[in-house]
Amino acid sequence: MTASVSEDTTPLPATPLRICCYGSSSSKTPEKYLKEAHDVGYTLARRGHTCVNGAGAAGCMAAMNEGAEKGEGHIVGVIHEMFVVDGSDWVEKEGGANKVFQKGSEKNGLVREIIVAGGNDLQERKRLLVEGADALVVLPGGPGTWDELWEMACAKQLGLIDIPIVCVNVDGYYESFRQMLQRADDDRLIYFAPDDIVHFEPTAKDAVRWIETQCKPGMKKILKPKVKKRASYQRMESVLHSMSWLQRSLSFSFSTRQNSTTSEPDHEVKSEITSRTSSQIALSFAMGMLIGISVASQASRHR
């Protein structure tokens, strides 16, 4: 596909970015979507950024790769091994992916890299796509693209990632998604403002320009939050720890008592055993009651 793209005359960013791009792989993708995909690839290339995508030989993925090649940019493709095997439209016979990757891993200083993901599903491929990414650009696509988008939107809402996500809303394609996020915010179902989770721009150039304003040097991209336990579970652990300590104390006391009274009549030892057994039964009952009360309390709060 060829397209004329006006050059962005704004100053180049100080630090090149690694941008993960999602989009269709269908050979029936409408021309208006292909044009914006081509513009994404070309603009990223001319701005010095690396375009990471699914390496498809058709659809938005093919168009963005061709645009990035025309702009003389770095391109990284991530495909699943099953697509290399089955000869689907993800793969071209000569190169195993979009034709731009047939020119070697690096030529004239330009990166052309293919990463093949394994596994019984697409989880590893999705992980490799976003690994090290500074931002996400989402072009029109089908369920696969939506799955990738919403998985990352979920991760962002939970604080697992902190990178900009922008949908190129070509001809209002993602308008329903924008409305869905707004409805969720109105109904208090999300933690952050909709635009803080997923941003929307009408064109490729607008999307890239917005990303550059959001990505700051030294910005944390992948977060590793410390998992915090609920206070009720912490209290339960404290109670169980105390009971365990008490039980060990009783056992030690009985053991000491038994060792120091080896000359006592058998009936006294039996009495001590009976007393210890009763204590253990009482402790077990108390533990069960406390756990039951705690669980019931938690359940009532969430009803």
# chains A, B, ... in the order shown; residues from 1 in each chain; ligands from 1
call {"tool": "residues_around", "arguments": {"residues": "A:Asn169", "least_positions_apart": "4", "cutoff": "7 Å", "atoms": "only C-alpha atoms", "output": "PDB file with all heavy atoms, in the first residue's frame"}}
result
ATOM      1  N   TYR A 173     -14.568   4.428  14.835  1.00  0.00           N
ATOM      2  CA  TYR A 173     -14.571   2.975  15.026  1.00  0.00           C
ATOM      3  C   TYR A 173     -14.609   2.589  16.502  1.00  0.00           C
ATOM      4  O   TYR A 173     -15.295   1.634  16.886  1.00  0.00           O
ATOM      5  CB  TYR A 173     -13.353   2.343  14.351  1.00  0.00           C
ATOM      6  CG  TYR A 173     -13.337   0.835  14.426  1.00  0.00           C
ATOM      7  CD1 TYR A 173     -14.080   0.072  13.533  1.00  0.00           C
ATOM      8  CD2 TYR A 173     -12.595   0.171  15.405  1.00  0.00           C
ATOM      9  CE1 TYR A 173     -14.077  -1.316  13.603  1.00  0.00           C
ATOM     10  CE2 TYR A 173     -12.591  -1.202  15.481  1.00  0.00           C
ATOM     11  CZ  TYR A 173     -13.335  -1.950  14.580  1.00  0.00           C
ATOM     12  OH  TYR A 173     -13.335  -3.322  14.656  1.00  0.00           O
ATOM     13  N   TYR A 174     -13.869   3.307  17.336  1.00  0.00           N
ATOM     14  CA  TYR A 174     -13.796   2.965  18.749  1.00  0.00           C
ATOM     15  C   TYR A 174     -14.692   3.854  19.615  1.00  0.00           C
ATOM     16  O   TYR A 174     -14.515   3.916  20.839  1.00  0.00           O
ATOM     17  CB  TYR A 174     -12.347   3.049  19.236  1.00  0.00           C
ATOM     18  CG  TYR A 174     -11.525   1.838  18.835  1.00  0.00           C
ATOM     19  CD1 TYR A 174     -10.429   1.962  17.982  1.00  0.00           C
ATOM     20  CD2 TYR A 174     -11.854   0.574  19.305  1.00  0.00           C
ATOM     21  CE1 TYR A 174      -9.685   0.859  17.618  1.00  0.00           C
ATOM     22  CE2 TYR A 174     -11.117  -0.541  18.940  1.00  0.00           C
ATOM     23  CZ  TYR A 174     -10.032  -0.395  18.093  1.00  0.00           C
ATOM     24  OH  TYR A 174      -9.302  -1.500  17.728  1.00  0.00           O
ATOM     25  N   GLU A 175     -15.643   4.519  19.010  1.00  0.00           N
ATOM     26  CA  GLU A 175     -16.522   5.395  19.767  1.00  0.00           C
ATOM     27  C   GLU A 175     -17.332   4.623  20.810  1.00  0.00           C
ATOM     28  O   GLU A 175     -17.560   5.112  21.930  1.00  0.00           O
ATOM     29  CB  GLU A 175     -17.461   6.148  18.830  1.00  0.00           C
ATOM     30  CG  GLU A 175     -18.216   7.289  19.471  1.00  0.00           C
ATOM     31  CD  GLU A 175     -17.299   8.372  20.030  1.00  0.00           C
ATOM     32  OE1 GLU A 175     -16.138   8.484  19.576  1.00  0.00           O
ATOM     33  OE2 GLU A 175     -17.734   9.099  20.947  1.00  0.00           O
ATOM     34  N   PHE A 200      -8.261   8.437  23.289  1.00  0.00           N
ATOM     35  CA  PHE A 200      -8.711   8.291  21.905  1.00  0.00           C
ATOM     36  C   PHE A 200      -8.289   9.511  21.086  1.00  0.00           C
ATOM     37  O   PHE A 200      -8.438  10.650  21.527  1.00  0.00           O
ATOM     38  CB  PHE A 200     -10.239   8.132  21.847  1.00  0.00           C
ATOM     39  CG  PHE A 200     -10.746   6.912  22.572  1.00  0.00           C
ATOM     40  CD1 PHE A 200     -10.989   6.947  23.942  1.00  0.00           C
ATOM     41  CD2 PHE A 200     -10.969   5.722  21.895  1.00  0.00           C
ATOM     42  CE1 PHE A 200     -11.443   5.830  24.626  1.00  0.00           C
ATOM     43  CE2 PHE A 200     -11.417   4.594  22.562  1.00  0.00           C
ATOM     44  CZ  PHE A 200     -11.660   4.649  23.926  1.00  0.00           C
ATOM     45  N   GLU A 201      -7.743   9.238  19.897  1.00  0.00           N
ATOM     46  CA  GLU A 201      -7.362  10.293  18.962  1.00  0.00           C
ATOM     47  C   GLU A 201      -7.898   9.934  17.574  1.00  0.00           C
ATOM     48  O   GLU A 201      -7.976   8.756  17.220  1.00  0.00           O
ATOM     49  CB  GLU A 201      -5.849  10.459  18.909  1.00  0.00           C
ATOM     50  CG  GLU A 201      -5.227  11.057  20.162  1.00  0.00           C
ATOM     51  CD  GLU A 201      -5.525  12.554  20.325  1.00  0.00           C
ATOM     52  OE1 GLU A 201      -6.074  13.161  19.373  1.00  0.00           O
ATOM     53  OE2 GLU A 201      -5.207  13.105  21.406  1.00  0.00           O
ATOM     54  N   PRO A 202      -8.265  10.933  16.760  1.00  0.00           N
ATOM     55  CA  PRO A 202      -8.890  10.648  15.457  1.00  0.00           C
ATOM     56  C   PRO A 202      -7.927  10.178  14.369  1.00  0.00           C
ATOM     57  O   PRO A 202      -8.339   9.500  13.437  1.00  0.00           O
ATOM     58  CB  PRO A 202      -9.524  11.989  15.076  1.00  0.00           C
ATOM     59  CG  PRO A 202      -8.695  13.010  15.787  1.00  0.00           C
ATOM     60  CD  PRO A 202      -8.280  12.372  17.081  1.00  0.00           C
ATOM     61  N   THR A 203      -6.641  10.541  14.485  1.00  0.00           N
ATOM     62  CA  THR A 203      -5.691  10.194  13.416  1.00  0.00           C
ATOM     63  C   THR A 203      -4.410   9.610  14.000  1.00  0.00           C
ATOM     64  O   THR A 203      -4.119   9.746  15.188  1.00  0.00           O
ATOM     65  CB  THR A 203      -5.319  11.430  12.575  1.00  0.00           C
ATOM     66  OG1 THR A 203      -4.529  12.317  13.385  1.00  0.00           O
ATOM     67  CG2 THR A 203      -6.555  12.141  12.058  1.00  0.00           C
TER      68      THR A 203
END
call {"tool": "closest_residue", "arguments": {"among": "A:Ile79, A:Val170, A:Cys215, A:Leu17", "to": "A:Leu129", "atoms": "only C-alpha atoms"}}
result
A:Ile79
call {"tool": "select_by_dssp", "arguments": {"residues": "stretch 11-238 of chain A", "states": "strand (DSSP E or B)", "output": "ChimeraX atom specification"}}
result
/A:18-22,50-53,74-80,106-107,110-117,135-138,161,165-168,199-201,222
call {"tool": "atom_distance", "arguments": {"atom1": "atom CA of A:Thr15", "atom2": "atom CA of A:Ile211"}}
result
12.4 Å
call {"tool": "residues_around", "arguments": {"residues": "A:Pro13", "least_positions_apart": "2", "cutoff": "9 Å", "atoms": "only C-alpha atoms", "output": "MDAnalysis selection string"}}
result
chainID A and resid 10:11 15:17 47:48 212
call {"tool": "write_last_selection", "arguments": {"atoms": "all heavy atoms", "output": "compact mmCIF listing (two decimals), in the first residue's frame"}}
result
# COMPACT_ATOMS: atom_id res chain seq x y z
N THR A 10 7.49 19.03 14.05
CA THR A 10 7.80 19.30 15.46
C THR A 10 9.14 18.67 15.82
O THR A 10 9.54 17.65 15.22
CB THR A 10 6.70 18.76 16.38
OG1 THR A 10 6.56 17.34 16.16
CG2 THR A 10 5.38 19.43 16.11
N PRO A 11 9.87 19.22 16.79
CA PRO A 11 11.18 18.68 17.16
C PRO A 11 11.09 17.21 17.56
O PRO A 11 10.12 16.79 18.20
CB PRO A 11 11.59 19.55 18.35
CG PRO A 11 10.83 20.82 18.17
CD PRO A 11 9.52 20.44 17.56
N THR A 15 14.36 11.04 23.46
CA THR A 15 14.55 9.59 23.61
C THR A 15 13.60 8.83 22.69
O THR A 15 12.38 8.99 22.80
CB THR A 15 14.27 9.17 25.07
OG1 THR A 15 15.11 9.92 25.96
CG2 THR A 15 14.55 7.68 25.26
N PRO A 16 14.13 8.01 21.78
CA PRO A 16 13.26 7.18 20.94
C PRO A 16 12.44 6.21 21.79
O PRO A 16 12.91 5.73 22.83
CB PRO A 16 14.24 6.43 20.04
CG PRO A 16 15.50 7.24 20.08
CD PRO A 16 15.55 7.83 21.45
N LEU A 17 11.23 5.93 21.36
CA LEU A 17 10.34 5.06 22.12
C LEU A 17 10.13 3.72 21.43
O LEU A 17 10.28 3.60 20.21
CB LEU A 17 8.99 5.76 22.29
CG LEU A 17 9.00 7.13 22.97
CD1 LEU A 17 7.62 7.77 22.90
CD2 LEU A 17 9.47 7.01 24.42
N ARG A 47 9.81 9.65 13.34
CA ARG A 47 10.06 10.26 14.65
C ARG A 47 11.12 9.50 15.44
O ARG A 47 11.41 9.84 16.58
CB ARG A 47 8.76 10.31 15.46
CG ARG A 47 7.61 11.04 14.79
CD ARG A 47 7.83 12.52 14.72
NE ARG A 47 7.83 13.13 16.06
CZ ARG A 47 8.27 14.38 16.28
NH1 ARG A 47 8.76 15.10 15.30
NH2 ARG A 47 8.22 14.88 17.51
N GLY A 48 11.68 8.45 14.84
CA GLY A 48 12.77 7.72 15.47
C GLY A 48 12.35 6.60 16.40
O GLY A 48 13.18 6.02 17.11
N GLU A 212 3.95 11.06 22.65
CA GLU A 212 5.20 11.75 22.94
C GLU A 212 5.06 12.74 24.10
O GLU A 212 6.01 12.98 24.84
CB GLU A 212 5.72 12.45 21.69
CG GLU A 212 6.21 11.48 20.62
CD GLU A 212 6.72 12.17 19.37
OE1 GLU A 212 6.50 13.41 19.24
OE2 GLU A 212 7.32 11.49 18.53
call {"tool": "atom_distance", "arguments": {"atom1": "atom CA of A:Thr43", "atom2": "atom CA of A:Ile75"}}
result
12.6 Å
call {"tool": "closest_residue", "arguments": {"among": "A:Tyr42, A:Val130, A:Gln123, A:Pro140", "to": "A:Pro30", "atoms": "only C-alpha atoms"}}
result
A:Pro140
call {"tool": "closest_residue", "arguments": {"among": "A:Ala57, A:Val76, A:Ile281, A:Ile197", "to": "A:Ile161", "atoms": "only C-alpha atoms"}}
result
A:Ile197
call {"tool": "select_by_dssp", "arguments": {"residues": "stretch 58-196 of chain A", "states": "helix (DSSP H, G or I)", "output": "ChimeraX atom specification"}}
result
/A:59-70,81-86,99-103,123-130,143-157,170-172,175-186,194-196
call {"tool": "residues_around", "arguments": {"residues": "A:Asn53", "least_positions_apart": "3", "cutoff": "9 Å", "atoms": "only C-alpha atoms", "output": "ChimeraX atom specification"}}
result
/A:19-23,56,61,64-65,75-79,129
call {"tool": "write_last_selection", "arguments": {"atoms": "N, CA and C atoms", "output": "PDB file, in the first residue's frame"}}
result
ATOM      1  N   ILE A  19       7.180   1.393  20.657  1.00  0.00           N
ATOM      2  CA  ILE A  19       5.721   1.489  20.627  1.00  0.00           C
ATOM      3  C   ILE A  19       5.119   0.176  20.142  1.00  0.00           C
ATOM      4  N   CYS A  20       4.283  -0.427  20.971  1.00  0.00           N
ATOM      5  CA  CYS A  20       3.563  -1.641  20.583  1.00  0.00           C
ATOM      6  C   CYS A  20       2.267  -1.232  19.896  1.00  0.00           C
ATOM      7  N   CYS A  21       2.018  -1.804  18.726  1.00  0.00           N
ATOM      8  CA  CYS A  21       0.835  -1.447  17.932  1.00  0.00           C
ATOM      9  C   CYS A  21      -0.043  -2.672  17.707  1.00  0.00           C
ATOM     10  N   TYR A  22      -1.332  -2.529  18.004  1.00  0.00           N
ATOM     11  CA  TYR A  22      -2.316  -3.573  17.739  1.00  0.00           C
ATOM     12  C   TYR A  22      -3.159  -3.158  16.539  1.00  0.00           C
ATOM     13  N   GLY A  23      -3.663  -4.145  15.807  1.00  0.00           N
ATOM     14  CA  GLY A  23      -4.531  -3.836  14.680  1.00  0.00           C
ATOM     15  C   GLY A  23      -4.917  -5.097  13.938  1.00  0.00           C
ATOM     16  N   GLY A  56       1.902  -9.235  10.827  1.00  0.00           N
ATOM     17  CA  GLY A  56       0.963  -9.787   9.856  1.00  0.00           C
ATOM     18  C   GLY A  56       1.256  -9.370   8.427  1.00  0.00           C
ATOM     19  N   MET A  61      -1.787  -4.501  10.304  1.00  0.00           N
ATOM     20  CA  MET A  61      -0.412  -4.848  10.645  1.00  0.00           C
ATOM     21  C   MET A  61       0.508  -4.733   9.433  1.00  0.00           C
ATOM     22  N   MET A  64       0.989  -0.969   8.570  1.00  0.00           N
ATOM     23  CA  MET A  64       1.891  -0.217   9.448  1.00  0.00           C
ATOM     24  C   MET A  64       3.344  -0.629   9.223  1.00  0.00           C
ATOM     25  N   ASN A  65       3.578  -1.906   8.912  1.00  0.00           N
ATOM     26  CA  ASN A  65       4.935  -2.346   8.618  1.00  0.00           C
ATOM     27  C   ASN A  65       5.463  -1.715   7.338  1.00  0.00           C
ATOM     28  N   ILE A  75      11.623  -2.005  13.028  1.00  0.00           N
ATOM     29  CA  ILE A  75      10.387  -2.795  13.107  1.00  0.00           C
ATOM     30  C   ILE A  75      10.677  -4.122  13.799  1.00  0.00           C
ATOM     31  N   VAL A  76       9.843  -4.465  14.763  1.00  0.00           N
ATOM     32  CA  VAL A  76       9.935  -5.751  15.449  1.00  0.00           C
ATOM     33  C   VAL A  76       8.586  -6.444  15.321  1.00  0.00           C
ATOM     34  N   GLY A  77       8.595  -7.686  14.832  1.00  0.00           N
ATOM     35  CA  GLY A  77       7.362  -8.448  14.691  1.00  0.00           C
ATOM     36  C   GLY A  77       7.338  -9.630  15.646  1.00  0.00           C
ATOM     37  N   VAL A  78       6.177  -9.882  16.239  1.00  0.00           N
ATOM     38  CA  VAL A  78       6.020 -11.012  17.161  1.00  0.00           C
ATOM     39  C   VAL A  78       4.889 -11.897  16.645  1.00  0.00           C
ATOM     40  N   ILE A  79       5.225 -13.123  16.274  1.00  0.00           N
ATOM     41  CA  ILE A  79       4.213 -14.049  15.771  1.00  0.00           C
ATOM     42  C   ILE A  79       4.223 -15.327  16.600  1.00  0.00           C
ATOM     43  N   LEU A 129       4.861  -8.992  22.980  1.00  0.00           N
ATOM     44  CA  LEU A 129       4.510  -7.769  22.263  1.00  0.00           C
ATOM     45  C   LEU A 129       4.706  -6.529  23.138  1.00  0.00           C
TER      46      LEU A 129
END
call {"tool": "residues_around", "arguments": {"residues": "A:Asn120", "least_positions_apart": "2", "cutoff": "12 Å", "atoms": "only C-alpha atoms", "output": "compact mmCIF listing (two decimals) with N, CA and C atoms, in the first residue's frame"}}
result
# COMPACT_ATOMS: atom_id res chain seq x y z
N HIS A 80 3.13 -16.06 16.54
CA HIS A 80 3.06 -17.34 17.23
C HIS A 80 3.53 -18.44 16.28
N GLU A 81 4.18 -19.43 16.84
CA GLU A 81 4.74 -20.50 16.02
C GLU A 81 3.68 -21.23 15.20
N MET A 82 2.43 -21.27 15.67
CA MET A 82 1.40 -22.00 14.91
C MET A 82 1.11 -21.32 13.59
N ALA A 117 6.83 -16.68 19.23
CA ALA A 117 6.34 -17.08 20.55
C ALA A 117 5.81 -18.50 20.51
N GLY A 118 5.96 -19.21 21.60
CA GLY A 118 5.45 -20.57 21.71
C GLY A 118 4.24 -20.64 22.62
N LEU A 122 -2.21 -17.75 23.17
CA LEU A 122 -1.55 -16.52 22.71
C LEU A 122 -0.96 -15.69 23.85
N GLN A 123 -0.95 -16.24 25.06
CA GLN A 123 -0.49 -15.46 26.19
C GLN A 123 0.97 -15.06 26.08
N GLU A 124 1.83 -15.97 25.64
CA GLU A 124 3.24 -15.65 25.52
C GLU A 124 3.48 -14.61 24.43
N ARG A 125 2.74 -14.74 23.34
CA ARG A 125 2.86 -13.75 22.26
C ARG A 125 2.45 -12.37 22.74
call {"tool": "atom_distance", "arguments": {"atom1": "atom CA of A:Ser27", "atom2": "atom CA of A:Thr145"}}
result
14.9 Å
call {"tool": "residues_around", "arguments": {"residues": "A:Val40", "least_positions_apart": "2", "cutoff": "10 Å", "atoms": "only C-alpha atoms", "output": "list in words"}}
result
Val5, Cys21, Leu34, Lys35, Glu36, Ala37, His38, Tyr42, Thr43, Leu44, Ala45, Cys51, Cys60, Ala63, Met64, Asn65, Gly67, Ala68, Val137, Val138, Leu139, Val168, Thr203, Ala204, Lys205, Asp206, Ala207 and Val208 of chain A
call {"tool": "write_last_selection", "arguments": {"atoms": "N, CA and C atoms", "output": "CSV table (one decimal), in the first residue's frame"}}
result
chain,number,residue,atom,x,y,z
A,5,VAL,N,2.1,10.9,3.3
A,5,VAL,CA,2.0,11.4,4.6
A,5,VAL,C,2.8,12.7,4.8
A,21,CYS,N,2.0,-1.8,18.7
A,21,CYS,CA,0.8,-1.4,17.9
A,21,CYS,C,0.0,-2.7,17.7
A,34,LEU,N,-6.5,1.0,6.7
A,34,LEU,CA,-5.2,0.8,6.2
A,34,LEU,C,-4.4,2.0,6.1
A,35,LYS,N,-5.0,3.1,5.6
A,35,LYS,CA,-4.3,4.4,5.5
A,35,LYS,C,-3.8,4.9,6.8
A,36,GLU,N,-4.6,4.8,7.8
A,36,GLU,CA,-4.2,5.3,9.1
A,36,GLU,C,-3.1,4.4,9.7
A,37,ALA,N,-3.2,3.1,9.5
A,37,ALA,CA,-2.2,2.1,9.9
A,37,ALA,C,-0.8,2.4,9.3
A,38,HIS,N,-0.9,2.7,8.0
A,38,HIS,CA,0.3,3.1,7.2
A,38,HIS,C,0.9,4.4,7.8
A,42,TYR,N,4.6,4.9,9.4
A,42,TYR,CA,5.5,5.9,8.8
A,42,TYR,C,5.9,7.0,9.8
A,43,THR,N,4.9,7.5,10.6
A,43,THR,CA,5.1,8.5,11.6
A,43,THR,C,6.1,8.1,12.7
A,44,LEU,N,5.8,6.9,13.2
A,44,LEU,CA,6.7,6.3,14.2
A,44,LEU,C,8.2,6.3,13.7
A,45,ALA,N,8.3,5.8,12.4
A,45,ALA,CA,9.7,5.7,11.8
A,45,ALA,C,10.3,7.0,11.7
A,51,CYS,N,8.6,0.4,15.9
A,51,CYS,CA,7.2,-0.1,15.8
A,51,CYS,C,7.2,-1.6,16.0
A,60,CYS,N,-4.2,-4.1,9.0
A,60,CYS,CA,-3.5,-3.0,9.6
A,60,CYS,C,-2.1,-3.3,9.9
A,63,ALA,N,0.0,-2.9,6.8
A,63,ALA,CA,0.1,-1.5,6.4
A,63,ALA,C,1.0,-0.7,7.3
A,64,MET,N,1.0,-1.0,8.6
A,64,MET,CA,1.9,-0.2,9.4
A,64,MET,C,3.3,-0.6,9.2
A,65,ASN,N,3.6,-1.9,8.9
A,65,ASN,CA,4.9,-2.3,8.6
A,65,ASN,C,5.5,-1.7,7.3
A,67,GLY,N,4.5,1.1,6.1
A,67,GLY,CA,4.7,2.5,6.4
A,67,GLY,C,6.0,2.7,7.2
A,68,ALA,N,6.3,1.9,8.1
A,68,ALA,CA,7.5,2.0,8.9
A,68,ALA,C,8.7,1.7,8.0
A,137,VAL,N,-0.4,1.7,20.8
A,137,VAL,CA,-1.3,2.3,19.8
A,137,VAL,C,-2.2,1.2,19.3
A,138,VAL,N,-3.5,1.5,19.3
A,138,VAL,CA,-4.5,0.5,18.9
A,138,VAL,C,-5.2,1.0,17.7
A,139,LEU,N,-5.1,0.3,16.6
A,139,LEU,CA,-5.8,0.6,15.4
A,139,LEU,C,-7.0,-0.3,15.2
A,168,VAL,N,-6.6,4.7,17.9
A,168,VAL,CA,-6.8,5.6,16.7
A,168,VAL,C,-8.3,5.4,16.3
A,203,THR,N,-6.6,10.5,14.5
A,203,THR,CA,-5.7,10.2,13.4
A,203,THR,C,-4.4,9.6,14.0
A,204,ALA,N,-3.6,9.0,13.1
A,204,ALA,CA,-2.4,8.4,13.5
A,204,ALA,C,-1.4,9.4,14.0
A,205,LYS,N,-1.3,10.6,13.3
A,205,LYS,CA,-0.4,11.6,13.7
A,205,LYS,C,-0.7,12.2,15.1
A,206,ASP,N,-2.0,12.3,15.3
A,206,ASP,CA,-2.5,12.8,16.6
A,206,ASP,C,-2.1,11.8,17.7
A,207,ALA,N,-2.3,10.6,17.4
A,207,ALA,CA,-2.0,9.5,18.4
A,207,ALA,C,-0.5,9.5,18.8
A,208,VAL,N,0.4,9.6,17.8
A,208,VAL,CA,1.8,9.6,18.1
A,208,VAL,C,2.2,10.8,18.8
